[in-house]
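Structure file model.txt (compact mmCIF, C-alpha atoms) follows.
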# COMPACT_ATOMS: atom_id res chain seq x y z
CA MET N 197 77.46 109.53 75.50
CA ALA N 198 79.98 108.34 78.09
CA LEU N 199 79.60 104.84 79.41
CA PRO N 200 79.03 104.48 83.17
CA THR N 201 82.01 103.46 85.23
CA TRP N 202 82.12 101.24 88.30
CA ASP N 203 84.67 101.35 91.05
CA HIS N 204 86.08 97.88 91.67
CA PRO N 205 88.58 98.15 94.52
CA GLU N 206 91.75 96.16 94.01
CA PRO N 207 92.34 93.22 96.35
CA LEU N 208 94.64 93.91 99.27
CA ALA N 209 98.24 93.59 98.17
CA VAL N 210 100.06 90.65 99.72
CA ASP N 211 103.04 92.82 100.63
CA SER N 212 100.82 95.32 102.44
CA ALA N 213 100.28 92.90 105.34
CA PRO N 214 102.21 93.94 108.49
CA VAL N 215 104.64 91.03 108.71
CA PRO N 216 105.75 90.05 112.24
CA GLU N 217 109.09 91.35 113.47
CA TYR N 218 110.97 88.07 113.06
CA GLY N 219 114.62 88.20 114.05
CA ALA N 220 114.45 91.38 116.12
CA GLY N 221 111.21 91.58 118.09
CA SER N 222 108.99 88.49 117.89
CA LEU N 223 108.07 85.78 120.37
CA ALA N 224 110.62 83.51 118.69
CA ASP N 225 113.37 85.96 119.69
CA VAL N 226 112.63 86.11 123.43
CA LEU N 227 114.21 82.93 124.81
CA PRO N 228 117.30 82.99 122.54
CA THR N 229 117.96 86.51 123.81
CA LEU N 230 117.59 85.49 127.45
CA ALA N 231 119.66 82.33 126.93
CA ALA N 232 122.43 84.29 125.22
CA GLY N 233 122.59 86.50 128.30
CA MET N 234 123.14 83.37 130.40
CA SER N 235 125.99 82.19 128.13
CA VAL N 236 124.09 79.29 126.55
CA PRO N 237 126.14 78.33 123.47
CA ASP N 238 124.97 79.26 119.96
CA MET N 239 122.28 81.65 121.20
CA THR N 240 121.82 85.12 119.69
CA ALA N 241 120.57 88.16 121.58
CA ALA N 242 118.04 89.02 118.89
CA ILE N 243 116.12 91.63 120.93
CA PRO N 244 118.86 94.19 121.58
CA GLU N 245 116.80 96.20 124.08
CA LEU N 246 116.91 93.43 126.70
CA THR N 247 119.62 93.47 129.38
CA PRO N 248 121.02 90.09 130.52
CA ALA N 249 120.09 88.59 133.88
CA ASP N 250 121.31 85.47 135.67
CA ARG N 251 117.77 84.32 136.46
CA ASN N 252 114.99 84.73 133.92
CA CYS N 253 111.28 83.93 134.20
CA VAL N 254 108.81 84.15 131.33
CA PHE N 255 105.15 84.32 132.34
CA LEU N 256 102.96 83.77 129.27
CA ILE N 257 99.34 84.86 129.63
CA ASP N 258 97.32 83.20 126.90
CA GLY N 259 95.29 85.72 124.91
CA LEU N 260 96.44 88.98 126.53
CA GLY N 261 97.35 91.28 123.65
CA TRP N 262 99.07 94.64 123.99
CA GLU N 263 96.04 96.62 122.87
CA GLN N 264 93.68 94.82 125.25
CA LEU N 265 96.04 95.45 128.17
CA ARG N 266 96.39 99.14 127.36
CA ALA N 267 92.61 99.49 127.09
CA HIS N 268 91.97 98.13 130.61
CA PRO N 269 94.05 100.06 133.14
CA ASP N 270 91.42 99.75 135.87
CA GLU N 271 91.30 95.96 135.64
CA ALA N 272 95.09 95.55 135.40
CA PRO N 273 96.68 98.31 137.49
CA PHE N 274 99.92 96.43 138.17
CA MET N 275 100.61 95.44 134.57
CA THR N 276 99.57 98.90 133.44
CA SER N 277 102.25 100.32 135.73
CA LEU N 278 104.75 98.16 133.83
CA LEU N 279 103.82 99.26 130.30
CA ALA N 280 106.81 101.60 130.06
CA SER N 281 109.10 98.67 130.94
CA SER N 282 108.00 96.64 127.92
CA ARG N 283 110.71 95.53 125.51
CA GLY N 284 113.61 96.59 127.66
CA GLY N 285 112.19 99.93 128.77
CA THR N 286 111.22 101.18 125.32
CA GLY N 287 107.51 100.96 126.13
CA ARG N 288 106.96 99.02 122.91
CA PRO N 289 105.35 95.62 122.25
CA ILE N 290 106.74 92.66 120.35
CA THR N 291 104.91 90.61 117.72
CA ALA N 292 103.50 87.13 118.07
CA GLY N 293 104.20 85.70 114.62
CA TYR N 294 101.84 84.46 111.91
CA PRO N 295 99.41 83.00 112.53
CA ALA N 296 98.79 84.58 115.93
CA THR N 297 97.48 81.44 117.56
CA THR N 298 98.43 79.36 120.58
CA ALA N 299 100.03 76.26 119.05
CA THR N 300 102.13 78.32 116.67
CA SER N 301 103.15 80.88 119.29
CA LEU N 302 104.05 78.35 121.99
CA ALA N 303 106.24 76.52 119.50
CA SER N 304 107.85 79.83 118.51
CA ILE N 305 108.67 80.90 122.04
CA GLY N 306 109.80 77.44 123.15
CA THR N 307 112.04 76.64 120.18
CA GLY N 308 113.17 80.18 119.40
CA LEU N 309 112.23 79.54 115.78
CA PRO N 310 109.63 81.15 113.50
CA PRO N 311 106.70 79.07 112.21
CA GLY N 312 108.26 78.30 108.84
CA THR N 313 111.08 76.51 110.65
CA HIS N 314 109.43 74.84 113.64
CA GLY N 315 106.56 73.71 111.43
CA LEU N 316 103.41 74.36 113.47
CA PRO N 317 101.86 76.83 111.03
CA GLY N 318 98.36 77.17 112.46
CA TYR N 319 95.51 75.85 114.55
CA THR N 320 94.97 73.12 111.98
CA ALA N 321 97.20 72.25 109.05
CA ARG N 322 97.40 69.47 106.49
CA ASN N 323 99.70 66.56 107.21
CA PRO N 324 101.28 65.93 103.80
CA ALA N 325 101.97 62.30 104.70
CA THR N 326 98.30 61.48 105.27
CA GLY N 327 96.39 64.26 103.54
CA GLU N 328 94.43 64.84 106.76
CA LEU N 329 93.97 68.03 108.71
CA MET N 330 95.94 67.92 111.94
CA ASN N 331 94.87 69.93 114.97
CA GLN N 332 98.22 71.10 116.34
CA LEU N 333 96.81 72.24 119.67
CA ARG N 334 95.11 68.93 120.47
CA TRP N 335 97.50 66.83 118.34
CA ASN N 336 94.70 65.03 116.56
CA PRO N 337 95.05 62.83 114.54
CA TRP N 338 98.17 61.55 116.23
CA THR N 339 101.53 61.91 114.52
CA ASP N 340 105.04 61.44 115.89
CA PRO N 341 105.84 64.69 117.73
CA ARG N 342 109.59 64.53 117.07
CA ALA N 343 109.08 63.91 113.37
CA TRP N 344 106.65 66.83 113.20
CA GLN N 345 108.94 69.23 115.13
CA PRO N 346 112.51 67.89 115.29
CA HIS N 347 114.34 70.98 116.59
CA PRO N 348 115.49 71.16 120.24
CA THR N 349 113.80 73.62 122.55
CA ILE N 350 115.66 76.49 124.18
CA PHE N 351 114.89 74.84 127.52
CA GLN N 352 116.70 71.68 126.42
CA LEU N 353 119.71 73.67 125.20
CA ALA N 354 119.81 75.72 128.39
CA ASP N 355 119.54 72.61 130.56
CA ALA N 356 122.41 71.00 128.65
CA ALA N 357 124.47 74.15 129.30
CA GLY N 358 124.00 73.84 133.06
CA VAL N 359 121.18 76.36 133.49
CA HIS N 360 118.53 75.37 136.05
CA THR N 361 115.48 75.01 133.81
CA ALA N 362 111.83 74.50 134.77
CA GLN N 363 108.28 74.84 133.51
CA VAL N 364 105.46 75.55 135.97
CA SER N 365 102.00 75.05 134.50
CA SER N 366 98.78 73.07 134.78
CA PRO N 367 99.35 69.33 135.33
CA THR N 368 97.10 68.79 132.30
CA PHE N 369 99.88 69.93 129.98
CA GLN N 370 102.74 67.85 131.37
CA ASN N 371 102.67 65.03 128.83
CA THR N 372 100.97 66.62 125.84
CA PRO N 373 102.73 66.42 122.46
CA LEU N 374 102.68 70.21 122.17
CA THR N 375 104.54 70.50 125.47
CA LYS N 376 107.05 67.88 124.35
CA VAL N 377 107.89 69.61 121.05
CA ALA N 378 107.70 73.21 122.27
CA LEU N 379 108.36 73.51 125.99
CA SER N 380 110.22 70.44 127.25
CA GLY N 381 113.64 70.54 128.92
CA GLY N 382 114.64 70.59 132.56
CA THR N 383 111.80 69.75 134.94
CA PHE N 384 108.02 70.19 134.63
CA HIS N 385 106.08 71.14 137.77
CA GLY N 386 102.31 70.83 137.62
CA ARG N 387 100.26 73.09 139.88
CA LEU N 388 96.53 73.70 139.67
CA SER N 389 96.07 77.18 141.10
CA GLY N 390 97.59 80.34 139.73
CA GLU N 391 98.90 81.28 143.15
CA GLU N 392 100.72 77.97 143.50
CA ARG N 393 102.32 78.46 140.11
CA MET N 394 103.58 81.92 140.99
CA ASP N 395 105.04 80.75 144.29
CA LEU N 396 106.74 77.76 142.74
CA ALA N 397 108.05 79.78 139.79
CA ALA N 398 109.78 82.09 142.25
CA GLU N 399 111.22 79.09 144.11
CA GLN N 400 112.52 77.58 140.88
CA LEU N 401 114.14 80.88 139.90
CA ALA N 402 116.06 80.85 143.18
CA ALA N 403 117.10 77.21 142.77
CA GLY N 404 120.07 77.95 140.51
CA ASP N 405 122.76 80.57 140.02
CA ARG N 406 121.53 80.64 136.44
CA SER N 407 117.84 79.84 136.01
CA LEU N 408 115.33 79.81 133.17
CA VAL N 409 111.71 79.36 134.30
CA TYR N 410 108.50 79.39 132.26
CA THR N 411 104.99 79.66 133.65
CA TYR N 412 101.61 79.96 131.96
CA TYR N 413 98.00 80.93 132.53
CA ALA N 414 95.22 80.04 130.08
CA GLU N 415 91.87 81.43 131.21
CA VAL N 416 92.14 84.99 129.87
CA ASP N 417 92.04 83.35 126.45
CA GLY N 418 89.33 80.91 127.48
CA LYS N 419 86.95 83.60 128.70
CA GLY N 420 87.71 85.74 125.66
CA HIS N 421 86.75 82.98 123.25
CA ARG N 422 83.55 82.18 125.10
CA PHE N 423 82.32 85.60 126.17
CA GLY N 424 84.47 88.13 124.31
CA ILE N 425 86.95 90.70 125.54
CA ASP N 426 84.10 93.13 126.16
CA SER N 427 82.61 90.96 128.91
CA ASP N 428 82.63 90.80 132.69
CA PRO N 429 84.05 87.24 132.78
CA TRP N 430 87.01 88.35 130.64
CA ARG N 431 87.60 91.44 132.74
CA GLY N 432 87.43 89.29 135.87
CA GLN N 433 90.17 87.05 134.52
CA LEU N 434 92.29 90.07 133.67
CA MET N 435 91.93 91.33 137.24
CA TYR N 436 92.92 87.93 138.59
CA VAL N 437 95.98 87.49 136.40
CA ASP N 438 97.12 91.03 137.20
CA ARG N 439 97.27 89.99 140.85
CA LEU N 440 99.21 86.87 139.87
CA VAL N 441 101.82 88.95 138.06
CA GLN N 442 102.22 91.17 141.11
CA ARG N 443 102.47 88.14 143.40
CA LEU N 444 105.30 86.70 141.32
CA ALA N 445 107.06 90.05 140.92
CA GLU N 446 107.13 90.57 144.67
CA GLN N 447 108.88 87.22 145.21
CA LEU N 448 111.71 87.51 142.68
CA PRO N 449 115.05 86.38 144.07
CA PRO N 450 118.13 88.56 143.51
CA ARG N 451 119.58 88.95 139.99
CA SER N 452 116.26 88.06 138.38
CA ALA N 453 114.23 89.36 135.46
CA LEU N 454 110.53 88.59 135.02
CA TYR N 455 109.06 88.96 131.53
CA VAL N 456 105.29 88.98 131.08
CA THR N 457 104.12 88.27 127.55
CA ALA N 458 101.34 86.58 125.57
CA ASP N 459 100.85 84.33 122.57
CA HIS N 460 98.37 86.60 120.75
CA GLY N 461 95.76 89.28 121.22
CA MET N 462 92.05 88.93 120.50
CA ILE N 463 89.16 90.62 118.71
CA ASP N 464 85.40 90.22 119.17
CA ILE N 465 83.50 89.54 115.94
CA PRO N 466 79.74 90.32 115.66
CA PHE N 467 77.33 87.47 114.94
CA ASP N 468 75.95 88.41 111.56
CA GLU N 469 76.47 87.38 107.94
CA GLN N 470 78.44 90.51 107.16
CA HIS N 471 81.13 89.71 109.72
CA ARG N 472 80.95 85.88 109.72
CA ILE N 473 81.27 84.42 106.24
CA ASP N 474 80.20 80.79 106.33
CA PHE N 475 82.38 78.59 104.13
CA ASP N 476 79.95 75.70 104.52
CA GLU N 477 77.15 77.75 102.96
CA ASP N 478 79.12 79.54 100.24
CA TRP N 479 79.44 77.50 97.06
CA GLU N 480 81.89 79.93 95.49
CA LEU N 481 84.40 79.61 98.31
CA ARG N 482 83.98 75.82 98.44
CA ALA N 483 84.59 75.31 94.70
CA GLY N 484 87.85 73.45 94.14
CA VAL N 485 88.67 73.24 97.86
CA ALA N 486 89.62 69.86 99.32
CA LEU N 487 90.35 70.94 102.90
CA LEU N 488 89.81 74.10 104.96
CA GLY N 489 92.45 74.54 107.65
CA GLY N 490 93.62 77.17 110.09
CA GLU N 491 90.96 79.21 111.86
CA GLY N 492 88.49 81.97 111.09
CA ARG N 493 90.98 84.83 110.76
CA ALA N 494 93.93 82.82 109.42
CA ARG N 495 92.88 80.21 106.90
CA HIS N 496 94.90 77.55 105.11
CA VAL N 497 92.97 76.57 101.97
CA TYR N 498 93.99 73.30 100.32
CA SER N 499 92.77 72.91 96.76
CA VAL N 500 91.98 69.80 94.80
CA PRO N 501 94.75 68.94 92.30
CA GLY N 502 94.91 71.45 89.48
CA ALA N 503 92.50 73.96 91.06
CA GLN N 504 94.95 76.18 92.94
CA ALA N 505 94.88 79.08 90.47
CA ASP N 506 91.08 79.04 90.28
CA VAL N 507 90.70 78.92 94.06
CA LEU N 508 93.15 81.80 94.47
CA THR N 509 91.28 83.90 91.90
CA CYS N 510 87.89 83.17 93.46
CA TRP N 511 88.98 83.88 97.02
CA ARG N 512 90.57 87.15 95.93
CA GLU N 513 87.42 88.20 94.08
CA VAL N 514 85.11 87.31 96.97
CA LEU N 515 87.24 88.24 99.98
CA GLY N 516 90.17 90.28 98.71
CA GLU N 517 88.96 93.62 100.08
CA GLN N 518 88.77 92.25 103.64
CA PHE N 519 91.51 89.62 103.70
CA TRP N 520 95.08 89.48 102.51
CA ILE N 521 94.81 86.55 100.09
CA ALA N 522 98.06 84.93 99.00
CA SER N 523 99.23 81.81 97.27
CA ARG N 524 101.56 79.64 99.33
CA ASP N 525 104.62 80.91 97.45
CA GLU N 526 103.50 84.54 97.73
CA ALA N 527 103.05 84.24 101.50
CA ILE N 528 106.47 82.62 101.84
CA ALA N 529 108.12 85.30 99.70
CA ALA N 530 106.46 88.02 101.78
CA GLY N 531 107.88 86.48 104.96
CA TRP N 532 104.58 85.72 106.65
CA PHE N 533 105.97 82.56 108.28
CA GLY N 534 109.50 83.85 108.84
CA PRO N 535 112.60 84.37 106.69
CA ARG N 536 112.39 80.84 105.32
CA VAL N 537 110.09 77.82 105.19
CA ASP N 538 111.71 74.41 105.63
CA GLU N 539 111.06 71.76 103.01
CA ARG N 540 109.21 69.53 105.49
CA VAL N 541 106.88 72.46 106.32
CA TYR N 542 106.16 73.67 102.79
CA ALA N 543 103.21 71.38 102.00
CA ARG N 544 101.66 71.97 105.43
CA LEU N 545 100.83 75.50 104.30
CA GLY N 546 97.66 76.13 102.34
CA ASP N 547 97.71 76.40 98.57
CA VAL N 548 95.87 79.63 99.33
CA ILE N 549 96.29 81.53 102.60
CA ALA N 550 93.74 84.08 103.86
CA ALA N 551 94.62 86.52 106.64
CA ALA N 552 91.90 88.88 107.87
CA ARG N 553 92.45 92.63 107.85
CA ASP N 554 88.90 93.69 108.72
CA ASP N 555 86.63 92.59 111.58
CA VAL N 556 85.55 89.42 109.79
CA LEU N 557 85.77 85.64 110.06
CA ILE N 558 85.57 82.73 107.67
CA ILE N 559 83.60 80.31 109.80
CA ALA N 560 82.57 76.75 108.93
CA SER N 561 79.33 76.18 110.78
CA GLU N 562 79.00 72.47 109.94
CA ARG N 563 82.58 71.20 110.16
CA GLU N 564 83.70 73.58 112.96
CA PRO N 565 80.59 74.27 115.08
CA LYS N 566 82.43 75.06 118.33
CA GLU N 567 85.02 77.34 116.75
CA SER N 568 82.32 79.07 114.68
CA ALA N 569 80.44 79.99 117.86
CA MET N 570 83.35 81.78 119.55
CA VAL N 571 82.91 85.46 120.37
CA GLY N 572 86.60 86.37 120.66
CA ASN N 573 88.93 85.34 117.85
CA HIS N 574 92.52 85.77 116.69
CA GLY N 575 95.06 84.55 114.16
CA SER N 576 95.83 87.31 111.69
CA MET N 577 98.42 90.09 111.41
CA THR N 578 96.41 93.08 112.62
CA PRO N 579 97.85 94.97 115.62
CA VAL N 580 95.06 93.84 117.93
CA GLU N 581 96.09 90.20 117.32
CA GLN N 582 99.83 90.50 116.65
CA LEU N 583 101.09 92.91 119.28
CA VAL N 584 101.87 91.38 122.66
CA PRO N 585 103.55 92.85 125.73
CA LEU N 586 107.02 92.06 126.99
CA LEU N 587 106.69 93.65 130.43
CA GLN N 588 109.72 93.50 132.70
CA VAL N 589 110.36 93.44 136.43
CA ARG N 590 113.93 93.14 137.72
CA SER N 591 115.34 92.49 141.17
Can you turn what I pasted into structure tokens?
Amino acid sequence: MALPTWDHPEPLAVDSAPVPEYGAGSLADVLPTLAAGMSVPDMTAAIPELTPADRNCVFLIDGLGWEQLRAHPDEAPFMTSLLASSRGGTGRPITAGYPATTATSLASIGTGLPPGTHGLPGYTARNPATGELMNQLRWNPWTDPRAWQPHPTIFQLADAAGVHTAQVSSPTFQNTPLTKVALSGGTFHGRLSGEERMDLAAEQLAAGDRSLVYTYYAEVDGKGHRFGIDSDPWRGQLMYVDRLVQRLAEQLPPRSALYVTADHGMIDIPFDEQHRIDFDEDWELRAGVALLGGEGRARHVYSVPGAQADVLTCWREVLGEQFWIASRDEAIAAGWFGPRVDERVYARLGDVIAAARDDVLIIASEREPKESAMVGNHGSMTPVEQLVPLLQVRS
């Protein structure tokens, strides 16, 4: 008599994750490419599809992924009309970088470096010097910004090369540590309304023969987190920011290029135990874990000394069909954080790293109540999170 057999699916292979297009088509490649076209020294035109311009403006819309934009032509008619212009007229997106989250992506675009080099590898990450989790968006607990991210920004390099350089954003961000390490250089102009930012961005573009201007809008992401991307508040924000893009595009001075991009996409996750796995209520996942970092779809898991192998085995057994589960060294070898990881960054990464493939989250209802209640989420390497537009308007 034959014994019964059971089908135990293998965990997702680490090298099956769709690694971001570092070095040729990621957020980290945008500003070096534009700066190279303006003759800033030591810059490489990493995105070959882009044509140089004397005046360049990057408008980053927080949370507006490529797939969300393509799915909402009625709410975003102007940006929809620009889809074919993306990535130098190829009609293709670029990738955010891993993890696909704001602090990491803003550092990538501002420094022109992938996460393994600039060293902001997630929403929260362990500070090896203190053993504490550091929130890299809010910069809490405090640590010296220049020690944490010592590389110059592209704005600083462009300013030193004689390019007129400016950031136009909310006054709230002017003196934040994240702005200092990722987006500083030239002059910062704080304006409250979106319309004021667009008007001033156009003025700043015209202020130099060579200009590099950055502007930003946050509330598409904010409404997505709170209400989801399948909500009227989110669609209302998309309609509003579409009008902002058109307002800026219609004011471009001569010899200008406007690039509209984003730091990540977003996915709505249902509120049930199947889709939201609660770390704080799962003894198996907690066993041997000292700290839980990152966010629901991109976790850094820091083990107690000596427990790394056991934690990796357990997480693969419990979650390996829904998440890419890698050890730190496996994730580095696979290129998740870029072609290399600097020595100062190495221990900031989790002993175990979990990146969601399916529509699931690892929440922590007790230690992260606000984050665990969000409808829209992001962080991983799936197309809905990774792919972002690089729309173009030229004058």
Could you name the residues that touch N:Trp532 at 8 Å or less, counting all atoms listed in the file, but leaving out those on the same chain fewer than 6 positions away, as a list in words?
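Those residues are Val215, Pro216, Gly293 and Tyr294 of chain N.
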Starting from the point (79.2, 75.6, 107.0), work out which residues of protein, DNA or RNA have an atom no more than 10 Å away when counting only C-alpha atoms; state them as a list of chain:residue names.
N:Ile473, N:Asp474, N:Phe475, N:Asp476, N:Glu477, N:Asp478, N:Arg482, N:Ile558, N:Ile559, N:Ala560, N:Ser561, N:Glu562, N:Arg563, N:Glu564, N:Pro565, N:Ser568
Can you tell me, as an MDAnalysis selection string, what residues are no more than 10 Å from N:Glu517 when counting all atoms listed in the file, ignoring any on the same chain fewer than 5 positions away?
chainID N and resid 204:209 512 552:554
Non-local contacts of N:Thr307 (7 Å; all atoms listed in the file; under 4 positions in same chain excluded) as number ranges by chain
N: 303, 348-350, 378
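Between atom CA of N:Ala402 and atom CA of N:Pro373 lies a distance of 28.6 Å.
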N:Pro429, N:Gly318, N:Pro228, N:Gly461: which is nearest N:Ile549, counting all atoms listed in the file?
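So, comparing all the options, the nearest one is N:Gly318.
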Tell me, counting all atoms listed in the file, for each residue of stretch 417-471 of chain N within 12 Å of stretch 229-237 of chain N, which pair of atoms is nearest and how far apart they are in Å to one decimal, in rows ordered by chain and increasing number, as a tab-separated table.
residue	atom	partner	partner_atom	distance
N:Arg451	CA	N:Met234	CA	11.7
N:Ser452	CA	N:Leu230	CA	11.3
N:Ala453	CA	N:Leu230	CA	9.5
N:Leu454	CA	N:Leu230	CA	10.8
N:Tyr455	CA	N:Leu230	CA	10.1
Work out how far apart atom CA of N:Thr509 and atom CA of N:Leu545 are and give it in Å to one decimal.
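According to the coordinates, atom CA of N:Thr509 and atom CA of N:Leu545 are separated by 17.8 Å.
The residue that comes closest to N:Glu399, out of N:Val514, N:Ile521, N:Ala272, N:Ala362 and on the basis of all atoms listed in the file, is N:Ala362.
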Which one of N:Asp417, N:Asp547, N:Asp238, N:Glu391 sits closest to N:Asp258 if you count only C-alpha atoms?
N:Asp417
Give me the residues near N:Ser365 as a count of residues only, where near means some atom within 9 Å (using all atoms listed in the file) and where sequence neighbours in that chain fewer than 2 positions away do not count.
16
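Each of N:Leu279, N:Pro269, N:Met330, N:Ala220 was compared to N:Gly490 using only C-alpha atoms, and N:Met330 turns out to be the nearest.
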In the coordinate frame of the file, compute which residues have an atom within 12 Å of (103.0, 69.0, 112.4) when using all atoms listed in the file, and state them as a PyMOL selection string.
chain N and resi 299-300+303+311-326+328-346+373-374+377-378+540-545
Name the residues in contact with N:Asp464 at a cut-off of 6 Å, using only C-alpha atoms, excluding same-chain residues fewer than 2 positions from it; report them as a PDB file with C-alpha atoms, in the coordinates of the input.
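Here's the written file selection.pdb:
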ATOM      1  CA  GLY N 424      84.470  88.130 124.310  1.00  0.00           C
ATOM      2  CA  VAL N 571      82.910  85.460 120.370  1.00  0.00           C
ATOM      3  CA  GLY N 572      86.600  86.370 120.660  1.00  0.00           C
TER       4      GLY N 572
END
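Here atom CA of N:Ala213 stands at a distance of 8.6 Å from atom CA of N:Ala530.
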Rank N:Phe467, N:Phe351, N:Phe255, N:Trp479 by their smallest atom-to-atom distance to N:Leu587, using only C-alpha atoms, and report the top residue only.
N:Phe255
Nearest candidate to N:Ser282 (options N:Gln518, N:Glu480, N:Arg266, N:Met239; using only C-alpha atoms):
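When distances to N:Ser282 are compared using only C-alpha atoms, the smallest one comes from N:Arg266.
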